[in-house]
Structures are given as C-alpha cells and as structure tokens.
$ cat my_file.cif   # mmCIF, C-alpha atoms
data_upload
loop_
_atom_site.label_atom_id
_atom_site.label_comp_id
_atom_site.auth_asym_id
_atom_site.auth_seq_id
_atom_site.Cartn_x
_atom_site.Cartn_y
_atom_site.Cartn_z
CA ALA J 669 128.41 110.27 -22.10
CA GLU J 670 128.61 107.42 -19.60
CA SER J 671 125.07 108.07 -18.31
CA ALA J 672 123.76 108.22 -21.89
CA ALA J 673 125.39 104.88 -22.67
CA ALA J 674 123.87 103.35 -19.54
CA ALA J 675 120.43 104.66 -20.49
CA ALA J 676 120.80 103.18 -23.98
CA ARG J 677 121.65 99.78 -22.51
CA THR J 678 118.55 99.76 -20.30
CA THR J 679 116.17 100.87 -23.05
CA ASP J 680 117.56 98.73 -25.86
CA PRO J 681 114.83 96.11 -26.60
CA ARG J 682 117.46 93.74 -27.98
CA ARG J 683 119.49 93.71 -24.75
CA PHE J 684 119.78 90.18 -23.42
CA VAL J 685 121.05 88.79 -20.15
CA PHE J 686 122.29 85.57 -21.69
CA ARG J 687 122.16 83.45 -24.81
CA ILE J 688 122.61 79.70 -25.27
CA ASP J 689 123.56 78.64 -28.77
CA ASP J 690 121.87 75.26 -28.63
CA ILE J 691 119.71 73.95 -25.76
CA THR J 692 119.76 70.43 -27.20
CA HIS J 693 123.31 70.21 -25.90
CA GLU J 694 123.34 73.13 -23.42
CA VAL J 695 126.89 73.98 -24.47
CA ALA J 696 127.65 77.15 -26.40
CA GLY J 697 128.60 76.36 -29.98
CA ALA J 698 127.95 72.63 -29.59
CA ALA J 699 127.31 70.63 -32.76
CA PRO J 700 124.90 67.73 -33.26
CA ALA J 701 126.25 64.28 -32.54
CA VAL J 702 127.91 62.56 -35.49
CA GLY J 703 125.31 60.66 -37.47
CA SER J 704 122.40 62.28 -35.65
CA ALA J 705 119.42 63.09 -37.83
CA LEU J 706 117.44 64.64 -34.99
CA HIS J 707 119.21 67.98 -34.74
CA ASN J 708 119.98 69.28 -38.17
CA LEU J 709 119.35 72.76 -36.75
CA PRO J 710 120.33 74.18 -33.33
CA ILE J 711 117.70 75.53 -30.92
CA PRO J 712 119.05 78.68 -29.25
CA ALA J 713 117.64 80.27 -26.10
CA VAL J 714 117.71 83.96 -25.21
CA ASN J 715 116.54 86.17 -22.35
CA GLU J 716 116.14 89.83 -23.29
CA VAL J 717 113.76 90.98 -20.56
CA ASP J 718 115.03 90.15 -17.04
CA ASP J 719 117.67 88.41 -14.94
CA ASP J 720 116.09 84.94 -14.90
CA GLU J 721 118.46 82.15 -15.83
CA PHE J 722 117.48 79.43 -18.27
CA PRO J 723 115.56 76.72 -16.38
CA GLN J 724 117.28 73.45 -15.62
CA ILE J 725 115.81 71.03 -18.16
CA GLU J 726 116.70 67.68 -19.61
CA TYR J 727 116.34 67.89 -23.38
CA LEU J 728 114.57 64.78 -24.64
CA HIS J 729 114.99 63.17 -28.03
CA SER J 730 111.84 61.10 -27.52
CA SER J 731 109.05 60.76 -24.96
CA VAL J 732 109.71 58.96 -21.67
CA ALA J 733 107.24 57.06 -19.51
CA GLY J 734 106.13 58.48 -16.18
CA GLU J 735 105.01 56.46 -13.18
CA ALA J 736 102.41 53.78 -14.01
CA VAL J 737 102.83 54.39 -17.76
CA GLU J 738 104.20 51.86 -20.25
CA LEU J 739 105.27 52.96 -23.72
CA GLU J 740 105.38 50.51 -26.62
CA THR J 741 108.95 50.88 -27.92
CA ASP J 742 109.64 47.36 -29.21
CA PRO J 743 110.50 47.58 -32.97
CA ALA J 744 108.70 44.24 -33.41
CA PHE J 745 105.48 46.14 -32.72
CA LEU J 746 105.90 48.04 -36.00
CA VAL J 747 104.55 46.99 -39.37
CA GLY J 748 106.38 48.32 -42.42
CA CYS J 749 106.15 48.44 -46.18
CA ALA J 750 108.34 46.45 -48.57
CA CYS J 751 108.96 49.32 -51.04
CA GLU J 752 112.53 49.36 -52.38
CA GLN J 753 112.15 52.85 -53.83
CA ALA J 754 110.57 56.00 -52.43
CA CYS J 755 106.91 55.41 -51.65
CA ASP J 756 104.05 57.03 -53.54
CA GLU J 757 100.43 56.33 -54.44
CA GLU J 758 101.42 54.13 -57.37
CA SER J 759 104.02 52.00 -55.57
CA GLY J 760 101.50 49.91 -53.63
CA CYS J 761 103.01 51.10 -50.34
CA THR J 762 101.06 49.59 -47.45
CA CYS J 763 101.71 52.66 -45.26
CA ILE J 764 100.25 55.02 -47.83
CA SER J 765 97.41 52.61 -48.51
CA GLU J 766 96.47 52.66 -44.82
CA GLN J 767 96.72 56.46 -44.88
CA ARG J 768 94.27 56.60 -47.79
CA VAL J 769 91.84 54.35 -45.93
CA GLN J 770 91.98 56.55 -42.82
CA SER J 771 92.07 60.02 -44.37
CA GLY J 772 91.21 59.65 -48.06
CA GLY J 773 94.64 60.68 -49.36
CA VAL J 774 98.39 60.78 -48.75
CA ALA J 775 99.78 62.47 -45.64
CA TYR J 776 102.27 64.79 -47.37
CA ASP J 777 102.62 66.52 -50.72
CA ALA J 778 105.84 66.55 -52.77
CA ALA J 779 107.17 69.46 -50.66
CA GLY J 780 106.63 67.58 -47.40
CA LEU J 781 103.64 69.70 -46.35
CA LEU J 782 100.82 68.01 -44.45
CA THR J 783 97.72 67.46 -46.55
CA VAL J 784 95.41 65.53 -44.21
CA LYS J 785 92.73 67.34 -42.24
CA PRO J 786 93.42 68.32 -38.61
CA GLY J 787 92.72 65.49 -36.20
CA MET J 788 93.36 62.73 -38.70
CA PRO J 789 96.08 60.14 -37.97
CA VAL J 790 99.32 60.15 -39.95
CA PHE J 791 100.89 56.86 -41.04
CA GLU J 792 104.57 57.48 -41.77
CA CYS J 793 106.98 54.87 -42.98
CA ASN J 794 109.14 53.64 -40.11
CA MET J 795 112.22 51.63 -39.17
CA ALA J 796 110.46 48.43 -40.21
CA CYS J 797 110.00 49.73 -43.78
CA ALA J 798 112.36 48.92 -46.65
CA CYS J 799 112.10 52.33 -48.33
CA PRO J 800 115.05 54.80 -48.21
CA ARG J 801 115.44 57.68 -45.73
CA ASP J 802 114.50 60.25 -48.39
CA CYS J 803 111.07 58.66 -48.90
CA ARG J 804 108.42 61.40 -49.09
CA ASN J 805 106.44 59.57 -46.42
CA ARG J 806 109.21 60.14 -43.85
CA VAL J 807 108.99 63.67 -42.43
CA VAL J 808 108.67 63.74 -38.64
CA GLN J 809 111.50 61.23 -38.13
CA ARG J 810 113.96 63.51 -39.92
CA GLY J 811 113.89 65.86 -36.96
CA ILE J 812 113.54 69.62 -36.60
CA SER J 813 113.18 71.29 -39.97
CA ARG J 814 112.60 74.99 -39.19
CA ARG J 815 114.69 77.48 -37.26
CA ILE J 816 113.09 78.25 -33.89
CA GLU J 817 114.24 79.94 -30.68
CA VAL J 818 113.30 79.66 -27.01
CA PHE J 819 112.86 83.10 -25.46
CA LYS J 820 111.72 84.71 -22.21
CA THR J 821 108.48 86.70 -22.40
CA ARG J 822 107.67 89.60 -20.09
CA HIS J 823 104.52 88.13 -18.56
CA LYS J 824 104.08 84.50 -19.72
CA GLY J 825 107.36 82.79 -18.86
CA TRP J 826 109.34 80.96 -21.52
CA ALA J 827 108.02 80.48 -25.05
CA VAL J 828 109.11 79.46 -28.55
CA ARG J 829 109.15 81.63 -31.66
CA ALA J 830 110.01 81.03 -35.30
CA LEU J 831 113.14 82.57 -36.81
CA GLU J 832 111.87 82.08 -40.35
CA SER J 833 108.58 82.03 -42.24
CA ILE J 834 106.81 78.68 -41.87
CA PRO J 835 104.30 77.64 -44.55
CA ALA J 836 100.99 76.06 -43.55
CA GLY J 837 101.32 72.30 -43.14
CA ALA J 838 105.09 72.34 -42.59
CA PHE J 839 106.59 70.12 -39.90
CA VAL J 840 108.53 72.12 -37.31
CA CYS J 841 109.57 69.77 -34.52
CA GLU J 842 108.20 66.84 -32.56
CA TYR J 843 106.41 67.49 -29.26
CA VAL J 844 107.84 65.04 -26.73
CA GLY J 845 108.03 64.86 -22.96
CA GLU J 846 107.11 62.74 -19.99
CA VAL J 847 103.93 60.74 -20.63
CA ILE J 848 101.91 60.76 -17.39
CA THR J 849 98.48 59.59 -16.27
CA THR J 850 95.46 61.90 -16.08
CA GLY J 851 95.57 61.73 -12.29
CA GLU J 852 99.21 62.81 -12.18
CA ALA J 853 98.44 65.62 -14.64
CA GLU J 854 95.71 66.94 -12.33
CA ILE J 855 98.08 66.86 -9.33
CA ARG J 856 100.78 68.73 -11.23
CA GLY J 857 98.22 71.23 -12.49
CA ILE J 858 97.18 72.05 -8.94
CA GLU J 859 100.81 72.44 -7.88
CA CYS J 860 101.54 74.77 -10.82
CA ALA J 861 98.47 76.88 -10.00
CA GLU J 862 99.61 77.22 -6.39
CA LEU J 863 103.10 78.24 -7.49
CA ALA J 864 101.65 80.80 -9.90
CA ALA J 865 99.44 82.27 -7.16
CA HIS J 866 102.44 82.48 -4.83
CA ALA J 867 104.52 84.22 -7.51
CA ALA J 868 101.68 86.68 -8.18
CA SER J 869 101.47 87.56 -4.48
CA ARG J 870 105.20 88.25 -4.43
CA ARG J 871 104.94 90.45 -7.53
CA SER J 872 102.32 92.57 -5.75
CA LEU J 873 105.09 94.02 -3.53
CA THR J 874 106.80 97.25 -4.62
CA SER J 875 110.17 98.63 -3.63
CA ASP J 876 109.67 102.23 -2.45
CA GLY J 877 112.82 104.30 -2.10
CA GLY J 878 111.01 107.35 -0.78
CA HIS J 879 111.72 106.55 2.89
CA PHE J 880 114.41 103.87 2.83
CA GLY J 881 116.96 103.31 0.11
CA PRO J 882 120.65 103.20 -0.76
CA GLU J 883 122.87 106.00 0.44
#
$ encode --input "my_file.cif" --output "structure tokens"
Amino acid sequence: AESAAAAARTTDPRRFVFRIDDITHEVAGAAPAVGSALHNLPIPAVNEVDDDEFPQIEYLHSSVAGEAVELETDPAFLVGCACEQACDEESGCTCISEQRVQSGGVAYDAAGLLTVKPGMPVFECNMACACPRDCRNRVVQRGISRRIEVFKTRHKGWAVRALESIPAGAFVCEYVGEVITTGEAEIRGIECAELAAHAASRRSLTSDGGHFGPE
C-alpha cells in the first residue's frame, strides 16, 4: 500500500513542490495594502514539475529606470480633462477627444474592453483629470483585473496562465519592469544565451545506476 501511495504521488500531475499565495507580497495569505487599488486580486505562484524554488524577484508596482535612462514621472507633465462626471463622447472630454483624433474612436466600450486597433495609442484619463475613479476611460490604472497564476513549465522556465476565461480586448495586468537602453538589452541577451547554453550542456548528462549507485 505504501509503494502504491508513493507511485501515486510521483505520477499525480497536480503534485506541486510549493505554492505562494501572492507573489506581490511574497508572504502566504498576505492581503493588499490598505487603500491599494493595484492588487485587487492576488497573483499566486506554483511549481508542479520539479524541485526549483521560486526565483528571487522584486515585484514592481511601476517601471523603474535602468542606467542611463530617465523616466518622466513628474505629475506636472500630465495634461488632464476637466470633466466632473464620468467621461464619454458627449461630455467634451479632452482625453477622449484626443483618442478620437488618434484612433477614430474611444479606447474602451461600456464593459471596459479595448476597441482601438492593435498598435494604436491609448489616452486614458489620469491623475491630472477631474473625473471620478469609476470613469470608463480609466482601466489600466485600476490594476490587475483577471485572475492569473505564475507557474513552472517543464521545458520553458516560468510562465503565466489565466485562471479564468478572458474576453478579447480585456485588460489583464500592466507590463512593467526595468527600462533599459538597447545596448544594455543586447548585453543581457548575450548573457542569457550563454547561461541557456550552459544549462543545456548540463542537462545532456545522465545519471546511470547500472555500474555505480546507492547501496
């Protein structure tokens, strides 16, 4: 019975080595900070395939500047609308007006789904605008809106998968990170390729118990 139970554990595809409830805090069961609108949903992480631990990462709430990069973060740089109610096409909202000039229509429909064509810029209302937080032209700034999970793949490292159906045009989460120069990106790309080649050479070795092995 004990050997059967052991075999079941090793063949169970849902077996996981570890699980983190929320990587945005890296503490099991942690809740979003009081007043935070960025993490309405937790982002769990799970490894079901091997013994690798979760990589040491610093979860970012917004992009940070790398060496020789300057990000424009001064609120005075922003231009906002003067709408006192939620913005729409009839309100005269300057943000939506600029969106119409650039893409020919509004950025989002009433359900918050993206309507502009791929590659077109999106002009959301921002902290300089007078409109309320529930304005239909505020989507990305509300933070993650769909349940996702970080998981370990068998052959491609760590990845992200959805835990619910996501309709076309829905906002999931913001892609942020360290903003670096093209030159730095090329250097890091070479380093990653060398690390991958080294890992592949190590994986080419096989443990053969036919001549030497445990007693």
$ atom_distance --input "my_file.cif" --atom1 "atom CA of Thr783 of chain J" --atom2 "atom CA of Arg801 of chain J"
20.3 Å
$ resolve_selection --input "my_file.cif" --expression "the PyMOL selection byres ((chain J and resi 839) around 8)" --output "VMD selection string"
chain J and resid 780 to 782 807 to 808 812 to 814 837 to 838 840 to 841
$ resolve_selection --input "my_file.cif" --expression "the PyMOL selection byres ((chain J and resi 757) around 12)" --output "list of chain:residue names"
J:Cys751, J:Ala754, J:Cys755, J:Asp756, J:Glu758, J:Ser759, J:Gly760, J:Cys761, J:Thr762, J:Cys763, J:Ile764, J:Ser765, J:Glu766, J:Gln767, J:Arg768, J:Gly772, J:Gly773, J:Val774, J:Ala775, J:Tyr776, J:Asp777, J:Ala778, J:Arg804, J:Asn805
$ closest_residue --input "my_file.cif" --among "J:Ala713, J:Trp826, J:Gly857, J:Ser730" --to "Gln809 of chain J" --atoms "all atoms listed in the file"
J:Ser730
$ closest_residue --input "my_file.cif" --among "J:Ala733, J:Ala827, J:Ile711, J:Cys793" --to "Arg810 of chain J" --atoms "all atoms listed in the file"
J:Cys793
$ closest_residue --input "my_file.cif" --among "J:Ala836, J:Cys749, J:Ala779, J:Val769" --to "Cys797 of chain J" --atoms "all atoms listed in the file"
J:Cys749
$ resolve_selection --input "my_file.cif" --expression "the PyMOL selection byres ((chain J and resi 723) around 12)" --output "list in words"
Ile688, Ile691, Glu694, Ala713, Val714, Asn715, Asp719, Asp720, Glu721, Phe722, Gln724, Ile725, Glu726, Tyr727, Val818, Phe819, Lys820, Gly825 and Trp826 of chain J
$ closest_residue --input "my_file.cif" --among "J:Glu854, J:Asp802, J:Glu846, J:Glu859" --to "Ala736 of chain J" --atoms "all atoms listed in the file"
J:Glu846
$ axis_aligned_box --input "my_file.cif" --around "segment 761-769 of chain J" --padding-each-side "8 Å" --output "lines of an AutoDock Vina configuration file"
center_x = 97.4
center_y = 53.1
center_z = -47.6
size_x = 27.2
size_y = 23.0
size_z = 21.5
$ build_atoms --input "my_file.cif" --residues "segment 712-737 of chain J" --atoms "N, CA, C and O atoms" --output "PDB file, keeping the file's coordinate frame"
ATOM      1  N   PRO J 712     118.478  77.741 -30.221  1.00  0.00           N
ATOM      2  CA  PRO J 712     119.050  78.680 -29.250  1.00  0.00           C
ATOM      3  C   PRO J 712     118.017  79.129 -28.231  1.00  0.00           C
ATOM      4  O   PRO J 712     116.810  78.963 -28.422  1.00  0.00           O
ATOM      5  N   ALA J 713     118.503  79.699 -27.135  1.00  0.00           N
ATOM      6  CA  ALA J 713     117.640  80.270 -26.100  1.00  0.00           C
ATOM      7  C   ALA J 713     118.186  81.632 -25.725  1.00  0.00           C
ATOM      8  O   ALA J 713     119.403  81.823 -25.634  1.00  0.00           O
ATOM      9  N   VAL J 714     117.283  82.598 -25.507  1.00  0.00           N
ATOM     10  CA  VAL J 714     117.710  83.960 -25.210  1.00  0.00           C
ATOM     11  C   VAL J 714     116.770  84.590 -24.195  1.00  0.00           C
ATOM     12  O   VAL J 714     115.572  84.326 -24.188  1.00  0.00           O
ATOM     13  N   ASN J 715     117.327  85.381 -23.308  1.00  0.00           N
ATOM     14  CA  ASN J 715     116.540  86.170 -22.350  1.00  0.00           C
ATOM     15  C   ASN J 715     116.898  87.628 -22.560  1.00  0.00           C
ATOM     16  O   ASN J 715     118.031  88.042 -22.316  1.00  0.00           O
ATOM     17  N   GLU J 716     115.928  88.420 -22.998  1.00  0.00           N
ATOM     18  CA  GLU J 716     116.140  89.830 -23.290  1.00  0.00           C
ATOM     19  C   GLU J 716     115.361  90.742 -22.347  1.00  0.00           C
ATOM     20  O   GLU J 716     115.359  91.954 -22.548  1.00  0.00           O
ATOM     21  N   VAL J 717     114.690  90.153 -21.343  1.00  0.00           N
ATOM     22  CA  VAL J 717     113.760  90.980 -20.560  1.00  0.00           C
ATOM     23  C   VAL J 717     114.076  91.076 -19.077  1.00  0.00           C
ATOM     24  O   VAL J 717     113.667  92.036 -18.423  1.00  0.00           O
ATOM     25  N   ASP J 718     114.766  90.080 -18.476  1.00  0.00           N
ATOM     26  CA  ASP J 718     115.030  90.150 -17.040  1.00  0.00           C
ATOM     27  C   ASP J 718     116.271  89.344 -16.702  1.00  0.00           C
ATOM     28  O   ASP J 718     117.044  88.967 -17.585  1.00  0.00           O
ATOM     29  N   ASP J 719     116.460  89.087 -15.406  1.00  0.00           N
ATOM     30  CA  ASP J 719     117.670  88.410 -14.940  1.00  0.00           C
ATOM     31  C   ASP J 719     117.477  86.912 -14.714  1.00  0.00           C
ATOM     32  O   ASP J 719     118.355  86.251 -14.159  1.00  0.00           O
ATOM     33  N   ASP J 720     116.336  86.366 -15.093  1.00  0.00           N
ATOM     34  CA  ASP J 720     116.090  84.940 -14.900  1.00  0.00           C
ATOM     35  C   ASP J 720     117.063  84.106 -15.733  1.00  0.00           C
ATOM     36  O   ASP J 720     117.290  84.391 -16.910  1.00  0.00           O
ATOM     37  N   GLU J 721     117.612  83.080 -15.109  1.00  0.00           N
ATOM     38  CA  GLU J 721     118.460  82.150 -15.830  1.00  0.00           C
ATOM     39  C   GLU J 721     117.599  81.139 -16.575  1.00  0.00           C
ATOM     40  O   GLU J 721     116.422  80.960 -16.273  1.00  0.00           O
ATOM     41  N   PHE J 722     118.214  80.458 -17.529  1.00  0.00           N
ATOM     42  CA  PHE J 722     117.480  79.430 -18.270  1.00  0.00           C
ATOM     43  C   PHE J 722     117.169  78.286 -17.324  1.00  0.00           C
ATOM     44  O   PHE J 722     118.033  77.845 -16.565  1.00  0.00           O
ATOM     45  N   PRO J 723     115.924  77.793 -17.312  1.00  0.00           N
ATOM     46  CA  PRO J 723     115.560  76.720 -16.380  1.00  0.00           C
ATOM     47  C   PRO J 723     116.358  75.452 -16.608  1.00  0.00           C
ATOM     48  O   PRO J 723     116.772  75.151 -17.727  1.00  0.00           O
ATOM     49  N   GLN J 724     116.570  74.713 -15.533  1.00  0.00           N
ATOM     50  CA  GLN J 724     117.280  73.450 -15.620  1.00  0.00           C
ATOM     51  C   GLN J 724     116.356  72.401 -16.249  1.00  0.00           C
ATOM     52  O   GLN J 724     115.373  71.995 -15.650  1.00  0.00           O
ATOM     53  N   ILE J 725     116.648  71.999 -17.455  1.00  0.00           N
ATOM     54  CA  ILE J 725     115.810  71.030 -18.160  1.00  0.00           C
ATOM     55  C   ILE J 725     116.683  69.895 -18.676  1.00  0.00           C
ATOM     56  O   ILE J 725     117.897  70.033 -18.813  1.00  0.00           O
ATOM     57  N   GLU J 726     116.044  68.787 -18.928  1.00  0.00           N
ATOM     58  CA  GLU J 726     116.700  67.680 -19.610  1.00  0.00           C
ATOM     59  C   GLU J 726     116.084  67.578 -20.993  1.00  0.00           C
ATOM     60  O   GLU J 726     114.908  67.264 -21.135  1.00  0.00           O
ATOM     61  N   TYR J 727     116.870  67.904 -22.021  1.00  0.00           N
ATOM     62  CA  TYR J 727     116.340  67.890 -23.380  1.00  0.00           C
ATOM     63  C   TYR J 727     116.131  66.440 -23.816  1.00  0.00           C
ATOM     64  O   TYR J 727     117.044  65.620 -23.743  1.00  0.00           O
ATOM     65  N   LEU J 728     114.912  66.151 -24.254  1.00  0.00           N
ATOM     66  CA  LEU J 728     114.570  64.780 -24.640  1.00  0.00           C
ATOM     67  C   LEU J 728     114.565  64.625 -26.158  1.00  0.00           C
ATOM     68  O   LEU J 728     114.101  65.509 -26.880  1.00  0.00           O
ATOM     69  N   HIS J 729     115.047  63.504 -26.608  1.00  0.00           N
ATOM     70  CA  HIS J 729     114.990  63.170 -28.030  1.00  0.00           C
ATOM     71  C   HIS J 729     113.722  62.393 -28.360  1.00  0.00           C
ATOM     72  O   HIS J 729     113.329  62.303 -29.516  1.00  0.00           O
ATOM     73  N   SER J 730     113.102  61.828 -27.336  1.00  0.00           N
ATOM     74  CA  SER J 730     111.840  61.100 -27.520  1.00  0.00           C
ATOM     75  C   SER J 730     111.120  61.096 -26.177  1.00  0.00           C
ATOM     76  O   SER J 730     111.708  61.406 -25.136  1.00  0.00           O
ATOM     77  N   SER J 731     109.847  60.749 -26.191  1.00  0.00           N
ATOM     78  CA  SER J 731     109.050  60.760 -24.960  1.00  0.00           C
ATOM     79  C   SER J 731     109.536  59.666 -24.004  1.00  0.00           C
ATOM     80  O   SER J 731     110.040  58.619 -24.418  1.00  0.00           O
ATOM     81  N   VAL J 732     109.363  59.932 -22.706  1.00  0.00           N
ATOM     82  CA  VAL J 732     109.710  58.960 -21.670  1.00  0.00           C
ATOM     83  C   VAL J 732     108.456  58.655 -20.859  1.00  0.00           C
ATOM     84  O   VAL J 732     107.540  59.469 -20.771  1.00  0.00           O
ATOM     85  N   ALA J 733     108.411  57.484 -20.266  1.00  0.00           N
ATOM     86  CA  ALA J 733     107.240  57.060 -19.510  1.00  0.00           C
ATOM     87  C   ALA J 733     107.330  57.530 -18.061  1.00  0.00           C
ATOM     88  O   ALA J 733     108.361  57.387 -17.413  1.00  0.00           O
ATOM     89  N   GLY J 734     106.222  58.107 -17.580  1.00  0.00           N
ATOM     90  CA  GLY J 734     106.130  58.480 -16.180  1.00  0.00           C
ATOM     91  C   GLY J 734     105.698  57.287 -15.352  1.00  0.00           C
ATOM     92  O   GLY J 734     105.580  56.163 -15.853  1.00  0.00           O
ATOM     93  N   GLU J 735     105.424  57.532 -14.076  1.00  0.00           N
ATOM     94  CA  GLU J 735     105.010  56.460 -13.180  1.00  0.00           C
ATOM     95  C   GLU J 735     103.690  55.861 -13.648  1.00  0.00           C
ATOM     96  O   GLU J 735     102.766  56.567 -14.032  1.00  0.00           O
ATOM     97  N   ALA J 736     103.604  54.540 -13.639  1.00  0.00           N
ATOM     98  CA  ALA J 736     102.410  53.780 -14.010  1.00  0.00           C
ATOM     99  C   ALA J 736     102.064  53.908 -15.493  1.00  0.00           C
ATOM    100  O   ALA J 736     100.936  53.666 -15.904  1.00  0.00           O
ATOM    101  N   VAL J 737     103.043  54.281 -16.317  1.00  0.00           N
ATOM    102  CA  VAL J 737     102.830  54.390 -17.760  1.00  0.00           C
ATOM    103  C   VAL J 737     103.819  53.473 -18.478  1.00  0.00           C
ATOM    104  O   VAL J 737     104.999  53.412 -18.126  1.00  0.00           O
TER     105      VAL J 737
END
